[in-house]
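Taking it in order: structure first as structure tokens, then the write-up.
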Amino acid sequence: MQQYDPLTREERSERMSRVRSVDTKPEVLVRRLVHGMGYRYRLHVKTLPGNPDLCFVSRRKVIFVHGCFWHQHGCRRYRMPRTRKEFWEPKLARNKVRDLEVRTELRALGWRVMVIWECQTSNMERLRSRLITFLESK
């Protein structure tokens with residue numbers, strides 16, 4: 001049964017058009033943290049599978065900053081929409097499949113991959129520790 005959406009189609013379309021794919025708040029937080037730690041990186045390298053959010057070419061490492069909703073993290077921030085499930089379920093499932101394919105492809109090309117979830121940006125000290133471990137490991 002279809003649930004009622006309080007917004008009109010035009011209002012919903014306008015709201016969804018504001019959703020960003022790059023320069024999201026979590027991504028910018030991670031970039032500032034990494035830059036402040038002295039690391040330098042390239043953004044959204046289009047020649048690599050999945051256009052990683054941060055690319056450390058000399059280290060052959062990449063970081064993806066995923067939104068908990070769009071990539072179905074399963075934390076308390078993620079909740080499947082109650083309306084238009086026939087649209088959302090396959091769309092979000094495709095995102096998860098694509099994420100796995102991209103990580104597999106990057107690893108096959110010799111890149112190390114780290115995924116940072118939106119919810120993990122709330123604890124900056126823990127995130128800093130994870131970043132150091134990832135970026136300094138051989």
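Labels used: A, B, ... for chains in the order of the structure tokens, numbers from 1 for residues in each chain, and numbers from 1 for ligands as shown.
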
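Scanning stretch 4-108 of chain A with DSSP on the backbone, the strand (DSSP E or B) assignments fall on Arg42, Leu43, Leu54, Cys55, Phe56, Lys61, Val62, Ile63, Phe64, Val65 and His66 of chain A.
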
Any idea what's packed within 8 Å of stretch 44-60 of chain A, counting only C-alpha atoms, ignoring anything in its chain fewer than 5 positions away? Could you give it as a compact mmCIF listing (two decimals) with N, CA, C and O atoms, in the first residue's frame?
# COMPACT_ATOMS: atom_id res chain seq x y z
N VAL A 22 28.98 15.59 -4.54
CA VAL A 22 30.34 15.96 -4.13
C VAL A 22 30.26 17.15 -3.19
O VAL A 22 29.25 17.85 -3.15
N GLU A 27 32.04 14.85 3.65
CA GLU A 27 33.24 14.82 2.80
C GLU A 27 34.15 16.01 3.12
O GLU A 27 35.37 15.85 3.26
N ARG A 31 37.99 15.96 4.48
CA ARG A 31 39.05 16.66 3.73
C ARG A 31 39.80 17.64 4.62
O ARG A 31 41.03 17.70 4.60
N VAL A 65 33.79 8.72 1.08
CA VAL A 65 32.98 9.19 2.19
C VAL A 65 31.52 8.95 1.78
O VAL A 65 31.01 9.62 0.89
N ASP A 99 28.97 -0.11 -5.09
CA ASP A 99 30.06 0.15 -4.14
C ASP A 99 30.99 -1.06 -4.05
O ASP A 99 32.22 -0.91 -4.07
N VAL A 102 33.07 -1.43 -7.26
CA VAL A 102 34.12 -0.41 -7.35
C VAL A 102 35.28 -0.75 -6.43
O VAL A 102 36.45 -0.68 -6.83
N GLU A 105 37.23 -3.66 -7.89
CA GLU A 105 38.00 -3.22 -9.07
C GLU A 105 39.25 -2.43 -8.64
O GLU A 105 40.34 -2.66 -9.17
N LEU A 106 39.09 -1.53 -7.69
CA LEU A 106 40.23 -0.75 -7.22
C LEU A 106 41.29 -1.65 -6.59
O LEU A 106 42.49 -1.49 -6.85
N GLY A 110 45.42 -2.63 -7.53
CA GLY A 110 46.50 -2.39 -6.60
C GLY A 110 46.29 -1.21 -5.65
O GLY A 110 47.24 -0.75 -5.02
N TRP A 111 45.06 -0.74 -5.53
CA TRP A 111 44.75 0.38 -4.63
C TRP A 111 44.20 -0.16 -3.31
O TRP A 111 43.47 -1.15 -3.30
N ARG A 112 44.53 0.51 -2.22
CA ARG A 112 43.92 0.21 -0.91
C ARG A 112 42.74 1.16 -0.76
O ARG A 112 42.83 2.33 -1.11
N LEU A 135 46.46 5.53 6.40
CA LEU A 135 47.40 6.23 5.51
C LEU A 135 48.86 5.87 5.78
O LEU A 135 49.69 5.94 4.87

Worksheet item: With only C-alpha atoms as the atoms that count, which of A:Lys85, A:Asn95, A:Cys119, A:Met80 lies nearest to A:Leu29?
Response: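 Nearest to A:Leu29: A:Cys119.
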
Fill in: DSSP-assigned alpha helix (DSSP H) among stretch 16-51 of chain A, expressed as a PyMOL selection string
chain A and resi 16-17+25-36

Go ahead and dump the residues you just picked, all heavy atoms, as an mmCIF file, in the first residue's frame.
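This is the output file out15.cif:
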data_model
loop_
_atom_site.group_PDB
_atom_site.id
_atom_site.type_symbol
_atom_site.label_atom_id
_atom_site.label_comp_id
_atom_site.auth_asym_id
_atom_site.auth_seq_id
_atom_site.Cartn_x
_atom_site.Cartn_y
_atom_site.Cartn_z
ATOM 1 N N MET A 16 14.820 17.012 -3.709
ATOM 2 C CA MET A 16 15.799 15.988 -4.085
ATOM 3 C C MET A 16 16.895 16.563 -4.985
ATOM 4 O O MET A 16 18.027 16.078 -4.977
ATOM 5 C CB MET A 16 15.108 14.810 -4.782
ATOM 6 C CG MET A 16 14.188 14.017 -3.871
ATOM 7 S SD MET A 16 14.977 13.416 -2.363
ATOM 8 C CE MET A 16 16.055 12.187 -3.037
ATOM 9 N N SER A 17 16.580 17.607 -5.743
ATOM 10 C CA SER A 17 17.597 18.214 -6.617
ATOM 11 C C SER A 17 18.689 18.908 -5.819
ATOM 12 O O SER A 17 19.762 19.190 -6.347
ATOM 13 C CB SER A 17 16.947 19.206 -7.590
ATOM 14 O OG SER A 17 16.547 20.377 -6.904
ATOM 15 N N LYS A 25 28.784 17.711 3.392
ATOM 16 C CA LYS A 25 29.336 18.104 4.697
ATOM 17 C C LYS A 25 30.290 17.054 5.257
ATOM 18 O O LYS A 25 31.391 17.400 5.705
ATOM 19 C CB LYS A 25 28.213 18.408 5.686
ATOM 20 C CG LYS A 25 27.517 19.713 5.410
ATOM 21 C CD LYS A 25 26.405 19.978 6.412
ATOM 22 C CE LYS A 25 25.647 21.247 6.020
ATOM 23 N NZ LYS A 25 24.565 21.531 6.969
ATOM 24 N N PRO A 26 29.914 15.759 5.258
ATOM 25 C CA PRO A 26 30.859 14.765 5.773
ATOM 26 C C PRO A 26 32.164 14.718 4.967
ATOM 27 O O PRO A 26 33.253 14.591 5.524
ATOM 28 C CB PRO A 26 30.103 13.443 5.649
ATOM 29 C CG PRO A 26 28.668 13.821 5.594
ATOM 30 C CD PRO A 26 28.619 15.164 4.930
ATOM 31 N N GLU A 27 32.044 14.850 3.645
ATOM 32 C CA GLU A 27 33.244 14.824 2.800
ATOM 33 C C GLU A 27 34.154 16.007 3.116
ATOM 34 O O GLU A 27 35.372 15.852 3.259
ATOM 35 C CB GLU A 27 32.845 14.844 1.326
ATOM 36 C CG GLU A 27 34.027 14.777 0.389
ATOM 37 C CD GLU A 27 33.639 14.936 -1.062
ATOM 38 O OE1 GLU A 27 32.518 14.549 -1.442
ATOM 39 O OE2 GLU A 27 34.470 15.461 -1.826
ATOM 40 N N VAL A 28 33.590 17.189 3.243
ATOM 41 C CA VAL A 28 34.385 18.377 3.547
ATOM 42 C C VAL A 28 35.038 18.248 4.923
ATOM 43 O O VAL A 28 36.197 18.633 5.106
ATOM 44 C CB VAL A 28 33.523 19.656 3.430
ATOM 45 C CG1 VAL A 28 34.265 20.878 3.955
ATOM 46 C CG2 VAL A 28 33.104 19.875 1.974
ATOM 47 N N LEU A 29 34.321 17.689 5.903
ATOM 48 C CA LEU A 29 34.902 17.458 7.228
ATOM 49 C C LEU A 29 36.131 16.553 7.137
ATOM 50 O O LEU A 29 37.171 16.836 7.739
ATOM 51 C CB LEU A 29 33.873 16.796 8.146
ATOM 52 C CG LEU A 29 32.958 17.705 8.940
ATOM 53 C CD1 LEU A 29 31.866 16.884 9.606
ATOM 54 C CD2 LEU A 29 33.733 18.466 9.985
ATOM 55 N N VAL A 30 36.009 15.465 6.394
ATOM 56 C CA VAL A 30 37.127 14.534 6.240
ATOM 57 C C VAL A 30 38.278 15.214 5.519
ATOM 58 O O VAL A 30 39.443 15.080 5.927
ATOM 59 C CB VAL A 30 36.682 13.248 5.503
ATOM 60 C CG1 VAL A 30 37.871 12.374 5.154
ATOM 61 C CG2 VAL A 30 35.676 12.473 6.341
ATOM 62 N N ARG A 31 37.993 15.964 4.477
ATOM 63 C CA ARG A 31 39.052 16.657 3.731
ATOM 64 C C ARG A 31 39.800 17.635 4.624
ATOM 65 O O ARG A 31 41.034 17.696 4.595
ATOM 66 C CB ARG A 31 38.450 17.383 2.524
ATOM 67 C CG ARG A 31 38.055 16.419 1.443
ATOM 68 C CD ARG A 31 37.373 16.952 0.238
ATOM 69 N NE ARG A 31 37.205 18.358 0.030
ATOM 70 C CZ ARG A 31 36.336 18.881 -0.830
ATOM 71 N NH1 ARG A 31 35.561 18.081 -1.540
ATOM 72 N NH2 ARG A 31 36.227 20.168 -0.980
ATOM 73 N N ARG A 32 39.071 18.402 5.437
ATOM 74 C CA ARG A 32 39.725 19.362 6.334
ATOM 75 C C ARG A 32 40.607 18.637 7.347
ATOM 76 O O ARG A 32 41.716 19.075 7.646
ATOM 77 C CB ARG A 32 38.685 20.204 7.068
ATOM 78 C CG ARG A 32 38.089 21.271 6.210
ATOM 79 C CD ARG A 32 37.168 22.163 7.018
ATOM 80 N NE ARG A 32 36.536 23.131 6.146
ATOM 81 C CZ ARG A 32 35.322 23.598 6.308
ATOM 82 N NH1 ARG A 32 34.584 23.195 7.331
ATOM 83 N NH2 ARG A 32 34.817 24.467 5.471
ATOM 84 N N LEU A 33 40.094 17.549 7.893
ATOM 85 C CA LEU A 33 40.856 16.785 8.875
ATOM 86 C C LEU A 33 42.139 16.239 8.247
ATOM 87 O O LEU A 33 43.225 16.401 8.800
ATOM 88 C CB LEU A 33 40.003 15.642 9.435
ATOM 89 C CG LEU A 33 40.667 14.711 10.439
ATOM 90 C CD1 LEU A 33 41.112 15.482 11.686
ATOM 91 C CD2 LEU A 33 39.714 13.597 10.826
ATOM 92 N N VAL A 34 42.024 15.598 7.100
ATOM 93 C CA VAL A 34 43.181 14.995 6.434
ATOM 94 C C VAL A 34 44.200 16.067 6.049
ATOM 95 O O VAL A 34 45.402 15.905 6.260
ATOM 96 C CB VAL A 34 42.728 14.178 5.199
ATOM 97 C CG1 VAL A 34 43.900 13.755 4.350
ATOM 98 C CG2 VAL A 34 41.924 12.967 5.644
ATOM 99 N N HIS A 35 43.728 17.173 5.523
ATOM 100 C CA HIS A 35 44.631 18.269 5.137
ATOM 101 C C HIS A 35 45.324 18.839 6.367
ATOM 102 O O HIS A 35 46.530 19.106 6.349
ATOM 103 C CB HIS A 35 43.852 19.361 4.400
ATOM 104 C CG HIS A 35 44.728 20.386 3.775
ATOM 105 N ND1 HIS A 35 45.144 21.514 4.449
ATOM 106 C CD2 HIS A 35 45.277 20.451 2.543
ATOM 107 C CE1 HIS A 35 45.904 22.236 3.655
ATOM 108 N NE2 HIS A 35 46.002 21.608 2.492
ATOM 109 N N GLY A 36 44.592 19.005 7.450
ATOM 110 C CA GLY A 36 45.167 19.512 8.691
ATOM 111 C C GLY A 36 46.201 18.576 9.292
ATOM 112 O O GLY A 36 47.084 18.998 10.044
#

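When only C-alpha atoms are used to compute distances to A:Arg9, the closest of the residues A:Gln120, A:Lys138, A:Arg84, A:Arg130 turns out to be A:Arg84.
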
Surrounding residues of A:Cys68 excluding itself and chain neighbours under 3 positions, 8 Å, only C-alpha atoms, as a PDB file with all heavy atoms, in the first residue's frame:
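What follows is the written file result_15.pdb:
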ATOM      1  N   HIS A  71      23.926   4.856   0.854  1.00  0.00           N
ATOM      2  CA  HIS A  71      24.690   3.617   0.713  1.00  0.00           C
ATOM      3  C   HIS A  71      24.262   2.556   1.724  1.00  0.00           C
ATOM      4  O   HIS A  71      24.970   1.579   1.924  1.00  0.00           O
ATOM      5  CB  HIS A  71      26.186   3.922   0.819  1.00  0.00           C
ATOM      6  CG  HIS A  71      26.650   4.857  -0.251  1.00  0.00           C
ATOM      7  ND1 HIS A  71      27.131   4.425  -1.468  1.00  0.00           N
ATOM      8  CD2 HIS A  71      26.669   6.214  -0.301  1.00  0.00           C
ATOM      9  CE1 HIS A  71      27.440   5.474  -2.210  1.00  0.00           C
ATOM     10  NE2 HIS A  71      27.170   6.565  -1.532  1.00  0.00           N
ATOM     11  N   GLN A  72      23.103   2.756   2.358  1.00  0.00           N
ATOM     12  CA  GLN A  72      22.468   1.798   3.267  1.00  0.00           C
ATOM     13  C   GLN A  72      23.431   1.261   4.324  1.00  0.00           C
ATOM     14  O   GLN A  72      23.663   0.066   4.417  1.00  0.00           O
ATOM     15  CB  GLN A  72      21.867   0.637   2.480  1.00  0.00           C
ATOM     16  CG  GLN A  72      20.680   1.036   1.651  1.00  0.00           C
ATOM     17  CD  GLN A  72      20.038  -0.167   1.008  1.00  0.00           C
ATOM     18  OE1 GLN A  72      20.670  -0.869   0.242  1.00  0.00           O
ATOM     19  NE2 GLN A  72      18.778  -0.399   1.321  1.00  0.00           N
ATOM     20  N   HIS A  73      23.939   2.142   5.148  1.00  0.00           N
ATOM     21  CA  HIS A  73      24.904   1.742   6.161  1.00  0.00           C
ATOM     22  C   HIS A  73      24.308   0.823   7.208  1.00  0.00           C
ATOM     23  O   HIS A  73      24.963  -0.082   7.701  1.00  0.00           O
ATOM     24  CB  HIS A  73      25.507   2.987   6.839  1.00  0.00           C
ATOM     25  CG  HIS A  73      26.560   2.664   7.826  1.00  0.00           C
ATOM     26  ND1 HIS A  73      26.733   3.358   8.986  1.00  0.00           N
ATOM     27  CD2 HIS A  73      27.513   1.700   7.845  1.00  0.00           C
ATOM     28  CE1 HIS A  73      27.746   2.863   9.660  1.00  0.00           C
ATOM     29  NE2 HIS A  73      28.240   1.849   8.993  1.00  0.00           N
ATOM     30  N   GLY A  74      23.088   1.016   7.588  1.00  0.00           N
ATOM     31  CA  GLY A  74      22.482   0.156   8.602  1.00  0.00           C
ATOM     32  C   GLY A  74      22.583   0.741   9.999  1.00  0.00           C
ATOM     33  O   GLY A  74      22.139   0.130  10.965  1.00  0.00           O
ATOM     34  N   CYS A  75      23.165   1.921  10.132  1.00  0.00           N
ATOM     35  CA  CYS A  75      23.249   2.583  11.435  1.00  0.00           C
ATOM     36  C   CYS A  75      21.906   3.271  11.728  1.00  0.00           C
ATOM     37  O   CYS A  75      20.978   3.203  10.929  1.00  0.00           O
ATOM     38  CB  CYS A  75      24.389   3.602  11.443  1.00  0.00           C
ATOM     39  SG  CYS A  75      24.102   5.023  10.365  1.00  0.00           S
ATOM     40  N   ARG A  77      21.161   6.266  11.473  1.00  0.00           N
ATOM     41  CA  ARG A  77      20.853   7.336  10.519  1.00  0.00           C
ATOM     42  C   ARG A  77      20.132   6.813   9.275  1.00  0.00           C
ATOM     43  O   ARG A  77      19.571   7.592   8.521  1.00  0.00           O
ATOM     44  CB  ARG A  77      22.124   8.048  10.074  1.00  0.00           C
ATOM     45  CG  ARG A  77      22.733   8.891  11.134  1.00  0.00           C
ATOM     46  CD  ARG A  77      23.919   9.614  10.566  1.00  0.00           C
ATOM     47  NE  ARG A  77      24.585  10.370  11.602  1.00  0.00           N
ATOM     48  CZ  ARG A  77      24.996  11.596  11.445  1.00  0.00           C
ATOM     49  NH1 ARG A  77      24.831  12.212  10.306  1.00  0.00           N
ATOM     50  NH2 ARG A  77      25.597  12.214  12.437  1.00  0.00           N
ATOM     51  N   TYR A  78      20.217   5.531   9.032  1.00  0.00           N
ATOM     52  CA  TYR A  78      19.594   4.978   7.828  1.00  0.00           C
ATOM     53  C   TYR A  78      18.184   4.499   8.135  1.00  0.00           C
ATOM     54  O   TYR A  78      17.953   3.770   9.094  1.00  0.00           O
ATOM     55  CB  TYR A  78      20.407   3.804   7.267  1.00  0.00           C
ATOM     56  CG  TYR A  78      19.654   3.108   6.174  1.00  0.00           C
ATOM     57  CD1 TYR A  78      19.493   3.709   4.940  1.00  0.00           C
ATOM     58  CD2 TYR A  78      19.032   1.893   6.393  1.00  0.00           C
ATOM     59  CE1 TYR A  78      18.760   3.108   3.944  1.00  0.00           C
ATOM     60  CE2 TYR A  78      18.295   1.274   5.407  1.00  0.00           C
ATOM     61  CZ  TYR A  78      18.162   1.896   4.186  1.00  0.00           C
ATOM     62  OH  TYR A  78      17.428   1.305   3.203  1.00  0.00           O
ATOM     63  N   TRP A 117      31.984   6.395   6.805  1.00  0.00           N
ATOM     64  CA  TRP A 117      30.548   6.616   6.794  1.00  0.00           C
ATOM     65  C   TRP A 117      30.225   7.963   7.433  1.00  0.00           C
ATOM     66  O   TRP A 117      30.923   8.418   8.331  1.00  0.00           O
ATOM     67  CB  TRP A 117      29.832   5.493   7.552  1.00  0.00           C
ATOM     68  CG  TRP A 117      29.951   4.195   6.829  1.00  0.00           C
ATOM     69  CD1 TRP A 117      30.879   3.219   7.042  1.00  0.00           C
ATOM     70  CD2 TRP A 117      29.136   3.750   5.746  1.00  0.00           C
ATOM     71  NE1 TRP A 117      30.670   2.190   6.161  1.00  0.00           N
ATOM     72  CE2 TRP A 117      29.613   2.482   5.362  1.00  0.00           C
ATOM     73  CE3 TRP A 117      28.045   4.291   5.071  1.00  0.00           C
ATOM     74  CZ2 TRP A 117      29.034   1.751   4.322  1.00  0.00           C
ATOM     75  CZ3 TRP A 117      27.466   3.565   4.051  1.00  0.00           C
ATOM     76  CH2 TRP A 117      27.963   2.315   3.686  1.00  0.00           C
ATOM     77  N   GLU A 118      29.169   8.568   6.957  1.00  0.00           N
ATOM     78  CA  GLU A 118      28.698   9.857   7.469  1.00  0.00           C
ATOM     79  C   GLU A 118      28.611   9.857   8.994  1.00  0.00           C
ATOM     80  O   GLU A 118      29.045  10.808   9.654  1.00  0.00           O
ATOM     81  CB  GLU A 118      27.333  10.147   6.844  1.00  0.00           C
ATOM     82  CG  GLU A 118      26.628  11.356   7.355  1.00  0.00           C
ATOM     83  CD  GLU A 118      25.242  11.479   6.763  1.00  0.00           C
ATOM     84  OE1 GLU A 118      24.734  10.532   6.124  1.00  0.00           O
ATOM     85  OE2 GLU A 118      24.650  12.558   6.953  1.00  0.00           O
ATOM     86  N   CYS A 119      28.102   8.788   9.583  1.00  0.00           N
ATOM     87  CA  CYS A 119      27.938   8.733  11.037  1.00  0.00           C
ATOM     88  C   CYS A 119      29.282   8.707  11.766  1.00  0.00           C
ATOM     89  O   CYS A 119      29.354   9.082  12.939  1.00  0.00           O
ATOM     90  CB  CYS A 119      27.081   7.536  11.441  1.00  0.00           C
ATOM     91  SG  CYS A 119      27.783   5.931  11.004  1.00  0.00           S
TER      92      CYS A 119
END

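Put simply, atom CA of A:Lys91 is 15.4 Å away from atom CA of A:His66.
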
Discussion item. Report, in Å to a single decimal, how far apart atom CA of A:Phe69 and atom CA of A:Arg128 are.
Written reply: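 Value for the atom CA of A:Arg128-atom CA of A:Phe69 distance: 23.0 Å.
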
Fill in: Atom-to-atom span, atom CA of A:Thr24 and atom CA of A:Glu89, Å
22.9 Å
